[in-house]
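Source file: target-v8.cif (mmCIF, C-alpha atoms)
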data_coords
#
loop_
_atom_site.label_atom_id
_atom_site.label_comp_id
_atom_site.auth_asym_id
_atom_site.auth_seq_id
_atom_site.Cartn_x
_atom_site.Cartn_y
_atom_site.Cartn_z
CA SER X 1 54.61 250.41 94.22
CA LYS X 2 55.58 249.59 90.59
CA VAL X 3 59.26 249.02 91.48
CA GLU X 4 58.36 246.68 94.32
CA HIS X 5 56.03 244.77 92.02
CA GLU X 6 58.88 244.24 89.46
CA ILE X 7 61.25 243.11 92.22
CA GLU X 8 58.67 240.64 93.45
CA MET X 9 58.24 239.27 89.92
CA ASP X 10 62.03 238.74 89.60
CA THR X 11 62.01 235.56 91.66
CA PRO X 12 64.88 232.98 91.70
CA GLU X 13 62.74 230.54 89.64
CA GLU X 14 62.21 233.13 86.94
CA ARG X 15 65.88 233.98 86.91
CA ASP X 16 66.69 230.27 86.46
CA LYS X 17 64.21 230.05 83.56
CA GLN X 18 65.74 233.14 81.95
CA ARG X 19 69.24 231.72 82.34
CA GLN X 20 68.16 228.39 80.88
CA HIS X 21 66.52 230.16 77.95
CA GLU X 22 69.71 232.12 77.22
CA GLU X 23 71.80 228.95 77.43
CA ASN X 24 69.46 227.21 74.97
CA LEU X 25 69.72 230.12 72.55
CA LEU X 26 73.52 230.07 72.82
CA ARG X 27 73.57 226.29 72.24
CA ILE X 28 71.37 226.62 69.14
CA LYS X 29 73.54 229.43 67.78
CA THR X 30 76.72 227.39 68.39
CA ASN X 31 75.23 224.34 66.65
CA GLN X 32 74.23 226.45 63.65
CA GLN X 33 77.75 227.90 63.38
CA ASN X 34 79.27 224.41 63.61
CA LEU X 35 76.92 223.15 60.88
CA ARG X 36 77.87 226.07 58.62
CA LYS X 37 81.58 225.43 59.19
CA LYS X 38 81.14 221.72 58.49
CA LYS X 39 79.15 222.47 55.34
CA GLY X 40 81.85 224.95 54.23
CA ARG X 41 84.57 222.36 54.81
CA ASN X 42 82.60 219.77 52.87
CA ILE X 43 82.11 222.17 49.95
CA THR X 44 85.83 223.08 49.98
CA GLU X 45 86.92 219.44 50.16
CA GLU X 46 84.49 218.49 47.38
CA ASN X 47 85.64 221.44 45.27
CA ASN X 48 89.33 220.56 45.64
CA LYS X 49 89.04 216.83 44.98
CA THR X 50 91.26 215.64 42.14
CA ASP X 51 90.65 211.88 42.29
CA ASP X 52 87.53 211.96 40.15
CA ILE X 53 86.62 212.99 36.60
CA ARG X 54 85.42 216.41 37.79
CA GLY X 55 88.76 217.17 39.43
CA ILE X 56 90.64 216.06 36.31
CA LEU X 57 88.49 218.25 34.05
CA LYS X 58 88.86 221.19 36.45
CA ASP X 59 92.64 221.14 35.86
CA PHE X 60 92.37 220.02 32.24
CA PHE X 61 94.85 222.47 30.69
CA SER X 62 97.49 222.10 33.40
CA GLN X 63 97.42 218.30 32.90
CA TYR X 64 96.99 218.02 29.14
CA GLY X 65 98.04 221.46 27.89
CA LEU X 66 101.57 220.37 27.00
CA PHE X 67 100.28 217.36 25.06
CA ILE X 68 97.90 219.57 23.04
CA ILE X 69 100.62 222.16 22.43
CA VAL X 70 103.06 219.50 21.20
CA MET X 71 100.49 218.15 18.72
CA VAL X 72 99.57 221.60 17.43
CA VAL X 73 103.16 222.84 17.16
CA MET X 74 104.22 219.71 15.28
CA ILE X 75 101.45 220.27 12.75
CA ALA X 76 102.02 224.03 12.43
CA GLY X 77 105.80 223.57 12.27
CA THR X 78 105.71 221.09 9.39
CA ILE X 79 102.66 222.11 7.35
CA VAL X 80 104.69 224.44 5.08
CA SER X 81 108.29 223.31 5.54
CA GLU X 82 107.46 219.73 4.51
CA GLU X 83 106.10 221.08 1.22
CA PHE X 84 109.48 222.69 0.57
CA SER X 85 111.57 219.72 1.67
CA LYS X 86 109.58 217.31 -0.54
CA GLY X 87 109.40 219.78 -3.44
CA THR X 88 105.60 219.61 -3.56
CA ILE X 89 105.39 223.36 -3.01
CA LYS X 90 105.93 223.80 -6.77
CA LEU X 91 102.74 221.87 -7.48
CA LEU X 92 100.83 224.27 -5.25
CA LEU X 93 102.31 227.48 -6.61
CA ILE X 94 101.88 226.65 -10.29
CA LYS X 95 98.11 226.59 -9.76
CA PRO X 96 96.23 229.81 -10.58
CA TYR X 97 95.83 230.77 -6.93
CA ASP X 98 97.31 233.71 -5.09
CA ARG X 99 100.16 232.76 -2.76
CA ASN X 100 98.48 234.52 0.13
CA LYS X 101 95.38 232.36 -0.33
CA ILE X 102 97.48 229.19 -0.36
CA LEU X 103 99.29 230.18 2.84
CA LEU X 104 96.04 231.35 4.47
CA SER X 105 94.41 228.00 3.76
CA LYS X 106 97.27 226.26 5.55
CA PHE X 107 97.04 228.69 8.48
CA ILE X 108 93.30 228.03 8.75
CA THR X 109 94.11 224.32 8.79
CA VAL X 110 96.30 224.93 11.85
CA PHE X 111 93.37 226.58 13.64
CA ILE X 112 91.12 223.67 12.72
CA MET X 113 93.70 221.30 14.18
CA ILE X 114 93.81 223.35 17.39
CA ALA X 115 90.05 222.90 17.82
CA PHE X 116 90.25 219.21 16.84
CA SER X 117 93.11 218.52 19.28
CA ILE X 118 91.29 220.12 22.21
CA ILE X 119 87.99 218.37 21.44
CA ALA X 120 89.71 215.00 20.87
CA VAL X 121 91.70 215.10 24.13
CA LEU X 122 88.71 216.38 26.10
CA GLY X 123 86.45 213.71 24.60
CA MET X 124 88.93 210.92 25.36
CA GLU X 125 89.29 212.17 28.91
CA LEU X 126 85.51 212.17 29.38
CA ILE X 127 85.19 208.63 28.03
CA VAL X 128 88.16 207.07 29.83
CA GLY X 129 87.69 209.08 33.03
CA GLY X 130 83.98 208.28 33.08
CA ILE X 131 84.65 204.55 32.74
CA ILE X 132 87.23 204.59 35.56
CA PHE X 133 85.71 207.09 38.00
CA GLY X 134 82.07 207.33 36.91
CA TYR X 135 80.14 210.47 36.02
CA ASP X 136 78.50 211.24 39.38
CA SER X 137 81.02 213.94 40.31
CA LEU X 138 80.12 216.00 37.22
CA SER X 139 76.93 217.13 38.99
CA VAL X 140 79.01 218.86 41.71
CA PRO X 141 79.44 222.56 40.83
CA VAL X 142 82.78 224.36 40.85
CA ILE X 143 83.03 226.88 43.70
CA GLN X 144 85.30 229.90 43.21
CA TYR X 145 85.76 233.09 45.18
CA ASP X 146 85.12 236.18 43.05
CA PHE X 147 87.38 239.02 44.25
CA ASN X 148 85.41 241.53 42.16
CA THR X 149 82.17 240.97 44.06
CA ASN X 150 83.60 239.38 47.25
CA THR X 151 81.22 236.45 46.87
CA LEU X 152 81.39 232.74 46.19
CA VAL X 153 80.58 231.82 42.59
CA SER X 154 79.08 228.45 41.69
CA MET X 155 79.12 227.18 38.12
CA ASN X 156 78.74 224.01 36.11
CA ILE X 157 81.99 222.08 35.56
CA PHE X 158 81.62 222.22 31.76
CA ALA X 159 81.06 225.99 31.80
CA TYR X 160 84.15 226.38 34.01
CA VAL X 161 86.31 224.22 31.69
CA ALA X 162 85.08 226.11 28.62
CA ILE X 163 85.90 229.50 30.19
CA LYS X 164 89.35 228.34 31.29
CA LEU X 165 90.14 226.93 27.84
CA LEU X 166 89.06 230.12 26.09
CA LEU X 167 91.20 232.21 28.45
CA GLN X 168 94.24 229.98 27.89
CA LEU X 169 93.70 229.59 24.15
CA PRO X 170 96.05 232.54 23.32
CA ILE X 171 98.97 230.40 24.56
CA ILE X 172 98.21 227.72 21.97
CA ILE X 173 97.45 230.20 19.18
CA LEU X 174 100.64 232.21 19.68
CA LEU X 175 102.86 229.11 19.86
CA ALA X 176 101.18 227.65 16.77
CA THR X 177 101.64 230.96 14.93
CA LEU X 178 105.33 231.05 15.89
CA ALA X 179 105.82 227.48 14.63
CA PHE X 180 103.94 228.32 11.42
CA ALA X 181 106.09 231.44 10.89
CA PHE X 182 109.34 229.51 11.36
CA SER X 183 108.08 226.73 9.11
CA THR X 184 107.36 229.23 6.32
CA ILE X 185 110.35 231.54 6.72
CA PHE X 186 113.12 229.01 7.44
CA THR X 187 111.48 226.00 5.74
CA ASN X 188 113.08 223.87 8.44
CA SER X 189 110.76 221.58 10.41
CA ALA X 190 113.22 220.93 13.24
CA ILE X 191 113.65 224.63 14.02
CA ALA X 192 109.95 225.33 13.57
CA VAL X 193 108.96 222.65 16.10
CA ALA X 194 111.83 222.84 18.60
CA LEU X 195 111.99 226.60 19.26
CA PRO X 196 108.29 227.14 20.16
CA LEU X 197 108.33 224.09 22.46
CA LEU X 198 111.51 225.27 24.18
CA GLY X 199 109.98 228.71 24.56
CA TYR X 200 106.84 227.29 26.16
CA MET X 201 108.73 225.02 28.54
CA GLY X 202 110.97 227.91 29.56
CA SER X 203 108.12 230.40 29.95
CA SER X 204 107.49 229.52 33.61
CA VAL X 205 111.18 230.15 34.41
CA ILE X 206 111.08 233.43 32.48
CA ASN X 207 107.97 234.56 34.36
CA LEU X 208 109.51 233.58 37.69
CA LEU X 209 112.65 235.64 36.99
CA ILE X 210 110.54 238.60 35.85
CA VAL X 211 108.54 238.57 39.09
CA GLN X 212 111.52 237.85 41.35
CA TYR X 213 113.67 240.68 40.00
CA ASN X 214 110.72 242.98 39.21
CA VAL X 215 111.86 243.64 35.64
CA LYS X 216 109.16 246.17 34.76
CA PHE X 217 109.91 246.53 31.05
CA MET X 218 109.34 242.76 30.66
CA ARG X 219 105.62 243.34 31.11
CA PHE X 220 105.72 244.00 27.35
CA PHE X 221 107.00 240.45 26.81
CA VAL X 222 104.44 237.89 25.69
CA THR X 223 104.74 235.19 28.39
CA PRO X 224 103.41 237.26 31.33
CA ASN X 225 100.43 238.27 29.19
CA TRP X 226 99.25 235.21 27.29
CA ASP X 227 97.43 233.38 30.10
CA PHE X 228 94.17 235.29 30.60
CA SER X 229 92.97 232.88 33.29
CA GLU X 230 95.18 234.96 35.61
CA TYR X 231 92.44 237.61 35.50
CA LEU X 232 89.55 235.19 36.13
CA PHE X 233 87.37 236.05 39.15
CA GLY X 234 89.28 239.25 39.83
CA LYS X 235 92.64 237.63 40.63
CA LEU X 236 95.71 239.84 40.75
CA PRO X 237 98.12 239.49 37.79
CA MET X 238 101.69 238.37 38.34
CA MET X 239 103.09 241.86 37.67
CA GLU X 240 102.01 245.34 38.65
CA GLY X 241 100.59 247.27 35.70
CA LEU X 242 99.17 244.27 33.88
CA THR X 243 95.49 244.33 32.96
CA ALA X 244 93.32 242.17 30.71
CA ASN X 245 93.14 244.91 28.08
CA PHE X 246 96.90 245.48 28.18
CA SER X 247 97.58 241.74 27.82
CA ALA X 248 95.14 241.52 24.90
CA ILE X 249 96.96 244.34 23.09
CA VAL X 250 100.35 242.71 23.71
CA CYS X 251 99.14 239.33 22.39
CA VAL X 252 97.62 240.91 19.26
CA VAL X 253 100.83 242.84 18.57
CA TYR X 254 102.96 239.69 18.88
CA PHE X 255 100.54 237.80 16.66
CA LEU X 256 100.71 240.45 13.94
CA VAL X 257 104.50 240.73 14.22
CA MET X 258 104.75 237.00 13.52
CA ILE X 259 102.09 236.53 10.86
CA ILE X 260 102.51 239.64 8.65
CA PRO X 261 106.22 239.04 7.79
CA THR X 262 105.36 235.37 7.21
CA PHE X 263 102.92 236.23 4.43
CA ILE X 264 105.25 238.87 2.95
CA ILE X 265 108.24 236.50 2.84
CA PHE X 266 106.20 233.62 1.43
CA LYS X 267 104.83 235.83 -1.33
CA ARG X 268 108.37 236.85 -2.35
CA LYS X 269 110.06 233.48 -1.83
CA ASN X 270 111.92 232.08 -4.85
CA ILE X 271 111.03 228.43 -5.52
CA LYS X 272 112.98 227.90 -8.76
CA ASN X 273 115.87 226.12 -7.05
CA ILE X 274 113.75 223.93 -4.76
#
Go ahead and render the structure in this file as structure tokens.
Amino acid sequence: SKVEHEIEMDTPEERDKQRQHEENLLRIKTNQQNLRKKKGRNITEENNKTDDIRGILKDFFSQYGLFIIVMVVMIAGTIVSEEFSKGTIKLLLIKPYDRNKILLSKFITVFIMIAFSIIAVLGMELIVGGIIFGYDSLSVPVIQYDFNTNTLVSMNIFAYVAIKLLLQLPIIILLATLAFAFSTIFTNSAIAVALPLLGYMGSSVINLLIVQYNVKFMRFFVTPNWDFSEYLFGKLPMMEGLTANFSAIVCVVYFLVMIIPTFIIFKRKNIKNI
């Protein structure tokens, strides 16, 4: 019968062949999994390396951000106050130009110096880092996990650095604007430089206290909102209720609160006794 024929075909030799075939399949599958794990570890290790020029560029702002901020704040904090302390402001204001245009030209100069400072530091790092470590690591892409799509994202190191800098640029702009405002309103270079730098250096402590004690109304404060890299690749913000749009609105409001009174006060400032 058909059943007897199948039983006869199921001989011990065939069972051994079947078992061997299954073992081979399992061995191949295990080897493939091990190769994938090894490849994943290699990618992770390569992505997290910091002892080459790629690793340094990847964390560019965290390593050189303070240096750039100090340069920019020193320029923004003295660009107007020094004119008052030296008395050269009179030479500017006697010219047939509107005061707002004079102040705006100085504010634009601050923005130019922001761009120059970033490009100069980045260029020096590329030159010096390339000489010391070589440029081979720049061909390795940056791997990041995107929580929005639940996938791994691969991008060129220069594209990653550019995106990170753009997202962290509001920190520099707001500190430079604060220094510029103090420089114009108080005409005191020491105050104009010291206060923004102290505020920046204390911002991490402020943010830590806000998160630790869950001070919800402090989400309207500028320091939890000015680093937009917190939202990159779908990461969760440090506080509940923060979004990229909300942070953008907060930063714009703080910017306007600083810059509008600066122009109003400068326009009305009396320079006769300087």
Here's the selection I'm unsure about, the PyMOL selection byres ((chain X and resi 63-69) around 8); applied to the file above, which residues does it give, as a PDB file with C-alpha atoms, keeping the file's coordinate frame?
ATOM      1  CA  ILE X  56      90.640 216.060  36.310  1.00  0.00           C
ATOM      2  CA  ASP X  59      92.640 221.140  35.860  1.00  0.00           C
ATOM      3  CA  PHE X  60      92.370 220.020  32.240  1.00  0.00           C
ATOM      4  CA  PHE X  61      94.850 222.470  30.690  1.00  0.00           C
ATOM      5  CA  SER X  62      97.490 222.100  33.400  1.00  0.00           C
ATOM      6  CA  VAL X  70     103.060 219.500  21.200  1.00  0.00           C
ATOM      7  CA  MET X  71     100.490 218.150  18.720  1.00  0.00           C
ATOM      8  CA  VAL X  72      99.570 221.600  17.430  1.00  0.00           C
ATOM      9  CA  VAL X  73     103.160 222.840  17.160  1.00  0.00           C
ATOM     10  CA  ILE X 114      93.810 223.350  17.390  1.00  0.00           C
ATOM     11  CA  SER X 117      93.110 218.520  19.280  1.00  0.00           C
ATOM     12  CA  ILE X 118      91.290 220.120  22.210  1.00  0.00           C
ATOM     13  CA  VAL X 121      91.700 215.100  24.130  1.00  0.00           C
ATOM     14  CA  ILE X 172      98.210 227.720  21.970  1.00  0.00           C
ATOM     15  CA  LEU X 175     102.860 229.110  19.860  1.00  0.00           C
ATOM     16  CA  ALA X 176     101.180 227.650  16.770  1.00  0.00           C
ATOM     17  CA  LEU X 197     108.330 224.090  22.460  1.00  0.00           C
TER      18      LEU X 197
END
What would the selection look like, as a PyMOL selection string, if the PyMOL selection byres ((chain X and resi 97-100) around 12) were run on the coordinates I just shared? chain X and resi 89-96+101-108+259-270
One decimal, Å: what's the distance from CA of Asn245 (chain X) over to CA of Asn148 (chain X), could you say? 16.4 Å
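With only C-alpha atoms as the atoms that count, the minimum distance from Ile157 (chain X) to the choices X:Met201, X:Val215, X:Leu138, X:Val257 is reached by X:Leu138.
In this model, the gap between CA of Leu198 (chain X) and CA of Lys86 (chain X) comes to 26.0 Å.
Distances here use all atoms listed in the file; by that measure, the residue among X:Phe158, X:Tyr135, X:Trp226, X:Tyr213 closest to Phe246 (chain X) is X:Trp226.
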What lies within 8 Å of Ala190 (chain X) using all atoms listed in the file, ignoring chain neighbours under 3 positions off, as a PyMOL selection string? chain X and resi 77+193-194
When the PyMOL selection byres ((chain X and resi 189) around 12) is applied to the structure above, which residues does it catch, written out as a PyMOL selection string? chain X and resi 73-86+179-188+190-196
Residues within 6 Å of region 229-243 of chain X, all atoms listed in the file, excluding chain neighbours under 6 positions, as a PyMOL selection string: chain X and resi 146-148+167
So that I can see what lies close to Leu209 (chain X), please list as JSON, numbers by chain the residues with an atom at most 12 Å from it, counting all atoms listed in the file and leaving out residues fewer than 5 positions away in the same chain. {"X": [202, 203, 204, 214, 215, 216, 218, 219, 223, 224, 238, 239]}
List the neighbours of Val142 (chain X) out to 8 Å using all atoms listed in the file; skip same-chain residues closer than 4 positions along the sequence, and give me the result as a list in words. Asn47, Val153, Ser154, Met155, Asn156, Ile157 and Tyr160 of chain X
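In this structure, CA of Ile143 (chain X) sits 28.0 Å away from CA of Leu208 (chain X).
Summary of the local environment: counting only C-alpha atoms, residues at most 8 Å from Val250 (chain X), other than itself and those fewer than 2 positions away along its chain, are Phe220, Phe221, Val222, Asn225, Phe246, Ser247, Ala248, Val252, Val253 and Tyr254 of chain X.
When only C-alpha atoms are used to measure the gap to Tyr200 (chain X), the shortest distance among X:Ile171, X:Phe217, X:Ala162, X:Ile127 belongs to X:Ile171.
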